[in-house]
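Novice: So here's entry04.cif (mmCIF, C-alpha atoms and all ligand atoms).
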data_coords
loop_
_atom_site.group_PDB
_atom_site.id
_atom_site.type_symbol
_atom_site.label_atom_id
_atom_site.label_comp_id
_atom_site.auth_asym_id
_atom_site.auth_seq_id
_atom_site.Cartn_x
_atom_site.Cartn_y
_atom_site.Cartn_z
ATOM 1 C CA MET A 1 -6.598 4.622 3.428
ATOM 2 C CA ARG A 2 -3.485 6.150 1.859
ATOM 3 C CA ILE A 3 -2.127 5.966 -1.704
ATOM 4 C CA GLU A 4 1.616 6.422 -2.058
ATOM 5 C CA ILE A 5 3.766 6.653 -5.174
ATOM 6 C CA VAL A 6 7.159 4.997 -4.814
ATOM 7 C CA GLN A 7 9.949 4.895 -7.393
ATOM 8 C CA GLY A 8 11.883 1.659 -6.967
ATOM 9 C CA ASP A 9 11.931 -2.122 -7.077
ATOM 10 C CA ILE A 10 8.662 -3.680 -5.893
ATOM 11 C CA THR A 11 10.468 -6.853 -4.729
ATOM 12 C CA ALA A 12 12.103 -4.839 -1.944
ATOM 13 C CA ARG A 13 8.936 -3.245 -0.592
ATOM 14 C CA PRO A 14 8.234 -3.906 3.107
ATOM 15 C CA VAL A 15 4.490 -4.409 2.661
ATOM 16 C CA ASP A 16 2.128 -7.306 3.433
ATOM 17 C CA ALA A 17 1.578 -8.142 -0.245
ATOM 18 C CA ILE A 18 2.980 -7.191 -3.619
ATOM 19 C CA VAL A 19 1.103 -7.603 -6.894
ATOM 20 C CA ASN A 20 2.771 -9.435 -9.756
ATOM 21 C CA ALA A 21 2.068 -8.491 -13.389
ATOM 22 C CA ALA A 22 2.051 -12.116 -14.483
ATOM 23 C CA ASN A 23 0.903 -13.883 -17.621
ATOM 24 C CA SER A 24 -1.861 -16.462 -17.847
ATOM 25 C CA SER A 25 0.543 -19.387 -17.548
ATOM 26 C CA LEU A 26 1.623 -18.208 -14.065
ATOM 27 C CA LEU A 27 4.940 -19.900 -14.835
ATOM 28 C CA GLY A 28 7.078 -16.778 -14.803
ATOM 29 C CA GLY A 29 8.365 -14.439 -17.475
ATOM 30 C CA GLY A 30 10.323 -11.221 -17.794
ATOM 31 C CA GLY A 31 9.730 -7.757 -16.399
ATOM 32 C CA VAL A 32 8.334 -7.498 -12.913
ATOM 33 C CA ASP A 33 7.226 -11.158 -13.108
ATOM 34 C CA GLY A 34 10.828 -12.221 -13.594
ATOM 35 C CA ALA A 35 12.075 -9.939 -10.847
ATOM 36 C CA ILE A 36 9.528 -11.245 -8.338
ATOM 37 C CA HIS A 37 10.289 -14.890 -9.107
ATOM 38 C CA GLN A 38 14.011 -14.170 -8.857
ATOM 39 C CA ALA A 39 13.642 -12.487 -5.465
ATOM 40 C CA ALA A 40 11.050 -14.886 -4.039
ATOM 41 C CA GLY A 41 13.070 -17.975 -4.919
ATOM 42 C CA PRO A 42 12.146 -21.266 -6.622
ATOM 43 C CA GLU A 43 9.387 -22.014 -4.138
ATOM 44 C CA LEU A 44 7.271 -19.348 -5.849
ATOM 45 C CA LEU A 45 7.336 -21.218 -9.167
ATOM 46 C CA GLU A 46 6.527 -24.437 -7.301
ATOM 47 C CA ALA A 47 3.501 -22.741 -5.695
ATOM 48 C CA CYS A 48 2.372 -21.478 -9.110
ATOM 49 C CA ARG A 49 2.827 -24.931 -10.640
ATOM 50 C CA GLU A 50 0.657 -26.302 -7.787
ATOM 51 C CA LEU A 51 -2.066 -23.765 -8.657
ATOM 52 C CA ARG A 52 -1.924 -24.881 -12.288
ATOM 53 C CA ALA A 53 -2.184 -28.510 -11.219
ATOM 54 C CA THR A 54 -5.204 -27.844 -9.002
ATOM 55 C CA LYS A 55 -7.294 -24.636 -8.902
ATOM 56 C CA LEU A 56 -6.153 -23.157 -12.219
ATOM 57 C CA PRO A 57 -5.608 -25.922 -14.770
ATOM 58 C CA ASP A 58 -6.184 -23.463 -17.639
ATOM 59 C CA GLY A 59 -4.085 -20.719 -16.090
ATOM 60 C CA LEU A 60 -5.158 -17.314 -14.771
ATOM 61 C CA ALA A 61 -7.500 -15.266 -16.959
ATOM 62 C CA PRO A 62 -6.745 -11.633 -17.780
ATOM 63 C CA GLY A 63 -8.232 -9.417 -15.057
ATOM 64 C CA ALA A 64 -8.254 -12.189 -12.450
ATOM 65 C CA ALA A 65 -6.043 -12.413 -9.348
ATOM 66 C CA VAL A 66 -4.729 -15.221 -7.140
ATOM 67 C CA ALA A 67 -2.399 -15.226 -4.123
ATOM 68 C CA THR A 68 0.607 -17.319 -3.196
ATOM 69 C CA PRO A 69 3.037 -16.928 -0.291
ATOM 70 C CA GLY A 70 5.919 -14.513 -0.848
ATOM 71 C CA PHE A 71 8.606 -16.974 0.320
ATOM 72 C CA ARG A 72 11.962 -15.105 0.355
ATOM 73 C CA LEU A 73 10.392 -11.716 -0.351
ATOM 74 C CA PRO A 74 9.884 -9.183 2.459
ATOM 75 C CA ALA A 75 6.176 -9.326 1.520
ATOM 76 C CA LYS A 76 4.197 -12.172 3.037
ATOM 77 C CA TRP A 77 2.084 -12.621 -0.090
ATOM 78 C CA VAL A 78 2.329 -12.258 -3.847
ATOM 79 C CA ILE A 79 -0.956 -11.525 -5.578
ATOM 80 C CA HIS A 80 -0.622 -12.531 -9.205
ATOM 81 C CA THR A 81 -2.771 -10.792 -11.774
ATOM 82 C CA VAL A 82 -2.759 -10.865 -15.561
ATOM 83 C CA GLY A 83 -3.074 -7.637 -17.463
ATOM 84 C CA PRO A 84 -4.871 -7.544 -20.815
ATOM 85 C CA ASN A 85 -2.317 -7.816 -23.594
ATOM 86 C CA ARG A 86 -2.898 -4.941 -26.016
ATOM 87 C CA HIS A 87 -0.731 -6.671 -28.596
ATOM 88 C CA ALA A 88 -3.157 -9.592 -28.561
ATOM 89 C CA GLY A 89 -6.104 -7.269 -29.112
ATOM 90 C CA GLN A 90 -7.107 -7.137 -25.449
ATOM 91 C CA THR A 91 -7.716 -3.401 -25.296
ATOM 92 C CA ASN A 92 -10.631 -3.192 -22.861
ATOM 93 C CA PRO A 93 -9.571 -0.903 -19.971
ATOM 94 C CA ALA A 94 -12.230 -2.519 -17.745
ATOM 95 C CA LEU A 95 -10.163 -5.707 -17.871
ATOM 96 C CA LEU A 96 -7.121 -3.713 -16.718
ATOM 97 C CA GLY A 97 -9.240 -2.171 -13.959
ATOM 98 C CA SER A 98 -10.239 -5.648 -12.860
ATOM 99 C CA CYS A 99 -6.559 -6.467 -12.225
ATOM 100 C CA PHE A 100 -6.525 -3.757 -9.561
ATOM 101 C CA SER A 101 -9.983 -4.368 -8.074
ATOM 102 C CA GLU A 102 -9.558 -8.163 -7.979
ATOM 103 C CA SER A 103 -6.120 -7.797 -6.366
ATOM 104 C CA LEU A 104 -7.665 -5.544 -3.697
ATOM 105 C CA ARG A 105 -10.440 -8.095 -3.136
ATOM 106 C CA VAL A 106 -7.922 -10.934 -2.724
ATOM 107 C CA ALA A 107 -5.743 -8.751 -0.476
ATOM 108 C CA GLU A 108 -8.692 -7.888 1.775
ATOM 109 C CA GLY A 109 -9.604 -11.567 1.999
ATOM 110 C CA LEU A 110 -6.105 -12.260 3.326
ATOM 111 C CA GLY A 111 -6.302 -9.470 5.914
ATOM 112 C CA VAL A 112 -3.586 -7.533 4.058
ATOM 113 C CA ARG A 113 -3.107 -3.992 5.403
ATOM 114 C CA SER A 114 -0.443 -2.758 2.984
ATOM 115 C CA LEU A 115 -0.378 -3.599 -0.729
ATOM 116 C CA ALA A 116 2.048 -2.616 -3.486
ATOM 117 C CA PHE A 117 1.087 -2.504 -7.178
ATOM 118 C CA PRO A 118 3.466 -2.282 -10.124
ATOM 119 C CA ALA A 119 2.273 -0.542 -13.287
ATOM 120 C CA VAL A 120 0.401 -3.622 -14.456
ATOM 121 C CA GLY A 121 0.242 -3.731 -18.260
ATOM 122 C CA ALA A 122 2.597 -0.798 -18.811
ATOM 123 C CA GLY A 123 5.463 -2.930 -20.097
ATOM 124 C CA VAL A 124 5.284 -5.918 -22.427
ATOM 125 C CA TYR A 125 1.485 -5.702 -22.584
ATOM 126 C CA GLY A 126 1.679 -2.280 -24.170
ATOM 127 C CA TRP A 127 -0.532 0.014 -22.047
ATOM 128 C CA GLU A 128 0.346 3.684 -21.677
ATOM 129 C CA ALA A 129 1.580 4.408 -18.135
ATOM 130 C CA ARG A 130 -0.923 7.268 -17.911
ATOM 131 C CA THR A 131 -3.831 4.942 -18.702
ATOM 132 C CA VAL A 132 -2.621 2.398 -16.138
ATOM 133 C CA ALA A 133 -2.416 5.166 -13.526
ATOM 134 C CA GLN A 134 -5.934 6.424 -14.318
ATOM 135 C CA VAL A 135 -7.412 2.923 -14.256
ATOM 136 C CA GLY A 136 -5.476 1.913 -11.154
ATOM 137 C CA PHE A 137 -6.451 4.994 -9.131
ATOM 138 C CA GLU A 138 -10.077 4.626 -10.236
ATOM 139 C CA ALA A 139 -10.138 1.054 -8.906
ATOM 140 C CA VAL A 140 -8.518 2.071 -5.607
ATOM 141 C CA HIS A 141 -10.896 5.020 -5.196
ATOM 142 C CA ALA A 142 -13.848 2.695 -5.843
ATOM 143 C CA TYR A 143 -12.487 0.346 -3.172
ATOM 144 C CA MET A 144 -12.048 3.251 -0.730
ATOM 145 C CA GLY A 145 -15.613 4.407 -1.386
ATOM 146 C CA ARG A 146 -17.162 0.997 -0.623
ATOM 147 C CA PRO A 147 -18.963 0.852 2.755
ATOM 148 C CA VAL A 148 -16.830 -0.833 5.385
ATOM 149 C CA GLU A 149 -18.259 -4.207 6.451
ATOM 150 C CA ALA A 150 -18.150 -4.834 10.188
ATOM 151 C CA GLY A 151 -15.228 -6.970 11.222
ATOM 152 C CA VAL A 152 -13.509 -6.815 7.831
ATOM 153 C CA GLN A 153 -9.870 -5.701 7.868
ATOM 154 C CA ARG A 154 -9.576 -3.203 4.976
ATOM 155 C CA VAL A 155 -6.418 -2.522 3.028
ATOM 156 C CA GLU A 156 -5.062 0.695 4.584
ATOM 157 C CA LEU A 157 -2.044 1.518 2.414
ATOM 158 C CA VAL A 158 -1.758 1.109 -1.349
ATOM 159 C CA GLU A 159 1.621 1.807 -2.909
ATOM 160 C CA PHE A 160 2.167 2.164 -6.622
ATOM 161 C CA VAL A 161 5.805 1.153 -7.104
ATOM 162 C CA LEU A 162 7.248 2.365 -10.397
ATOM 163 C CA PHE A 163 10.581 1.166 -11.674
ATOM 164 C CA SER A 164 11.514 4.340 -13.542
ATOM 165 C CA GLU A 165 11.388 7.941 -12.366
ATOM 166 C CA GLU A 166 9.633 8.812 -15.644
ATOM 167 C CA VAL A 167 6.707 6.482 -14.899
ATOM 168 C CA ALA A 168 6.669 7.545 -11.231
ATOM 169 C CA GLU A 169 6.295 11.162 -12.365
ATOM 170 C CA ILE A 170 3.373 10.226 -14.627
ATOM 171 C CA PHE A 171 1.655 8.475 -11.700
ATOM 172 C CA ARG A 172 2.235 11.473 -9.391
ATOM 173 C CA THR A 173 0.735 13.831 -11.996
ATOM 174 C CA VAL A 174 -2.329 11.634 -12.562
ATOM 175 C CA LEU A 175 -2.848 11.192 -8.821
ATOM 176 C CA GLU A 176 -2.878 14.975 -8.360
ATOM 177 C CA GLU A 177 -5.325 15.311 -11.272
ATOM 178 C CA THR A 178 -7.662 12.775 -9.646
ATOM 179 C CA GLY A 179 -7.750 14.506 -6.268
ATOM 180 C CA GLY A 180 -4.934 12.608 -4.594
ATOM 181 C CA GLY A 181 -5.189 9.621 -2.299
ATOM 182 C CA VAL A 182 -7.751 10.955 0.150
ATOM 183 C CA PRO A 183 -11.399 9.861 -0.278
ATOM 184 C CA ALA A 184 -13.741 12.750 -1.125
HETATM 185 N N1 LIG B 201 9.640 -3.298 -9.693
HETATM 186 C C1 LIG B 201 8.625 -2.488 -10.098
HETATM 187 N N2 LIG B 201 8.239 -2.360 -11.383
HETATM 188 C C2 LIG B 201 8.923 -3.095 -12.303
HETATM 189 C C3 LIG B 201 9.992 -3.957 -11.966
HETATM 190 C C4 LIG B 201 10.344 -4.046 -10.600
HETATM 191 N N3 LIG B 201 11.332 -4.837 -10.163
HETATM 192 N N4 LIG B 201 10.452 -4.531 -13.127
HETATM 193 C C5 LIG B 201 9.708 -4.031 -14.135
HETATM 194 N N5 LIG B 201 8.798 -3.151 -13.653
HETATM 195 C C6 LIG B 201 7.811 -2.370 -14.384
HETATM 196 C C7 LIG B 201 8.033 -2.158 -15.848
HETATM 197 O O1 LIG B 201 9.010 -1.127 -16.051
HETATM 198 C C8 LIG B 201 6.639 -1.728 -16.278
HETATM 199 O O2 LIG B 201 6.447 -0.342 -16.049
HETATM 200 O O3 LIG B 201 6.558 -3.050 -14.321
HETATM 201 C C9 LIG B 201 5.719 -2.509 -15.328
HETATM 202 C C10 LIG B 201 4.968 -3.668 -15.985
HETATM 203 O O4 LIG B 201 5.766 -4.211 -17.014
HETATM 204 P P1 LIG B 201 5.854 -5.803 -17.271
HETATM 205 O O5 LIG B 201 6.589 -6.439 -16.177
HETATM 206 O O6 LIG B 201 6.340 -5.985 -18.677
HETATM 207 O O7 LIG B 201 4.330 -6.299 -17.159
HETATM 208 P P2 LIG B 201 3.149 -6.268 -18.228
HETATM 209 O O8 LIG B 201 3.245 -5.109 -19.139
HETATM 210 O O9 LIG B 201 1.906 -6.470 -17.434
HETATM 211 O O10 LIG B 201 3.431 -7.568 -19.122
HETATM 212 C C11 LIG B 201 3.276 -8.830 -18.523
HETATM 213 O O11 LIG B 201 5.408 -9.504 -19.291
HETATM 214 O O12 LIG B 201 7.096 -10.096 -17.917
HETATM 215 C C12 LIG B 201 6.111 -10.593 -18.690
HETATM 216 O O13 LIG B 201 5.513 -12.664 -17.642
HETATM 217 C C13 LIG B 201 5.085 -11.348 -17.892
HETATM 218 O O14 LIG B 201 4.035 -12.175 -19.842
HETATM 219 C C14 LIG B 201 3.911 -11.242 -18.801
HETATM 220 C C15 LIG B 201 4.029 -9.826 -19.350
#
Could you render the structure from this file as structure tokens?
Specialist:
Amino acid sequence: MRIEIVQGDITARPVDAIVNAANSSLLGGGGVDGAIHQAAGPELLEACRELRATKLPDGLAPGAAVATPGFRLPAKWVIHTVGPNRHAGQTNPALLGSCFSESLRVAEGLGVRSLAFPAVGAGVYGWEARTVAQVGFEAVHAYMGRPVEAGVQRVELVEFVLFSEEVAEIFRTVLEETGGGVPA
């Protein structure tokens, strides 16, 4: 498995699935959520409304993840996850880590080979980019270290797609500090 740091717009990434930093309502918002809904088209909101009307009547809990098709995006899937909102007192980094590990679990269940994460939580929800990088890499390394189950298609490429060069640089630095993308 490889980890790559990309500076750019996650909606343009040619990967099997992109992760959306959503909110619990799943009904769209600003930031990367807004960009993904804009690029995916109105069918994405319809698919999210359908989830709210069926599987997720109370919305998506912080740290959980759920997939929808990607519709007009290059990516086949969007995996929506909800970061803990520091401004609402949700300051447990394990909940942020769950966003990454649950998204990987959902991706693997879909047979996704390439997955792109934004810096979940590092915008409106108030997490330091450095913390998000540390927590995100820890979750990916834990996934890489799990024994491979026979017949299970593992995620092979994880991109962290950062909108600004400043945040991309922080992620590159933290990745180097944590031994890079190669399993020990
Ligand atoms: N591609 C990649 N990254 C992006 C993009 C994009 N097109 N647009 C924004 N980002 C970055 C932001 O710069 C930030 O570093 O995504 C990171 C996460 O920021 P937010 O989108 O604000 O997500 P988050 O902090 O998890 O807050 C979620 O904000 O947009 C609302 O509906 C969303 O209520 C939810 C909350």
Novice: Care to translate the PyMOL selection byres (((chain A and resi 8-13) around 12) and not hetatm) into actual residues of this file, as an MDAnalysis selection string?
Specialist: chainID A and resid 5:7 14:21 31:41 70:78 114:120 158:168
Novice: Please write as a PyMOL selection string the full residue list that the PyMOL selection byres (((chain A and resi 93) around 9) and not hetatm) yields on this file.
Specialist: chain A and resi 84+90-92+94-98+131-132+135
Novice: Kindly save the residues from that selection, with C-alpha atoms included, as a JSON list (two decimals), in the frame of the given file.
Specialist:
[["chain", "number", "residue", "atom", "x", "y", "z"],
["A", 84, "PRO", "CA", -4.87, -7.54, -20.82],
["A", 90, "GLN", "CA", -7.11, -7.14, -25.45],
["A", 91, "THR", "CA", -7.72, -3.40, -25.30],
["A", 92, "ASN", "CA", -10.63, -3.19, -22.86],
["A", 94, "ALA", "CA", -12.23, -2.52, -17.74],
["A", 95, "LEU", "CA", -10.16, -5.71, -17.87],
["A", 96, "LEU", "CA", -7.12, -3.71, -16.72],
["A", 97, "GLY", "CA", -9.24, -2.17, -13.96],
["A", 98, "SER", "CA", -10.24, -5.65, -12.86],
["A", 131, "THR", "CA", -3.83, 4.94, -18.70],
["A", 132, "VAL", "CA", -2.62, 2.40, -16.14],
["A", 135, "VAL", "CA", -7.41, 2.92, -14.26]]
Novice: Measuring between only C-alpha atoms and all ligand atoms, which one of A:Glu128, A:Glu176, A:Glu43, A:Glu108 shows the shortest distance to ligand LIG 201 (chain B)?
Specialist: A:Glu128
Novice: So the first atom is atom CA of A:Leu60 and the second is atom O13 of ligand LIG 201 (chain B); what is the distance between them in Å, to one decimal place?
Specialist: 12.0 Å
Novice: To verify the selection step, state as a PyMOL selection string which residues the PyMOL selection byres (((chain A and resi 64) around 8) and not hetatm) yields on this input.
Specialist: chain A and resi 60-63+65-66+81-82+98-99+102-103
Novice: Write the selection just made, keeping C-alpha atoms, as a PDB file, in the coordinates of the input?
Specialist:
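Listing of selection.pdb after writing:
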ATOM      1  CA  LEU A  60      -5.158 -17.314 -14.771  1.00  0.00           C
ATOM      2  CA  ALA A  61      -7.500 -15.266 -16.959  1.00  0.00           C
ATOM      3  CA  PRO A  62      -6.745 -11.633 -17.780  1.00  0.00           C
ATOM      4  CA  GLY A  63      -8.232  -9.417 -15.057  1.00  0.00           C
ATOM      5  CA  ALA A  65      -6.043 -12.413  -9.348  1.00  0.00           C
ATOM      6  CA  VAL A  66      -4.729 -15.221  -7.140  1.00  0.00           C
ATOM      7  CA  THR A  81      -2.771 -10.792 -11.774  1.00  0.00           C
ATOM      8  CA  VAL A  82      -2.759 -10.865 -15.561  1.00  0.00           C
ATOM      9  CA  SER A  98     -10.239  -5.648 -12.860  1.00  0.00           C
ATOM     10  CA  CYS A  99      -6.559  -6.467 -12.225  1.00  0.00           C
ATOM     11  CA  GLU A 102      -9.558  -8.163  -7.979  1.00  0.00           C
ATOM     12  CA  SER A 103      -6.120  -7.797  -6.366  1.00  0.00           C
TER      13      SER A 103
END
Novice: Rank nothing, just name the residue among A:Gly151, A:Pro57, A:Gly123, A:Gly109 nearest to ligand LIG 201 (chain B), using all atoms listed in the file.
Specialist: A:Gly123
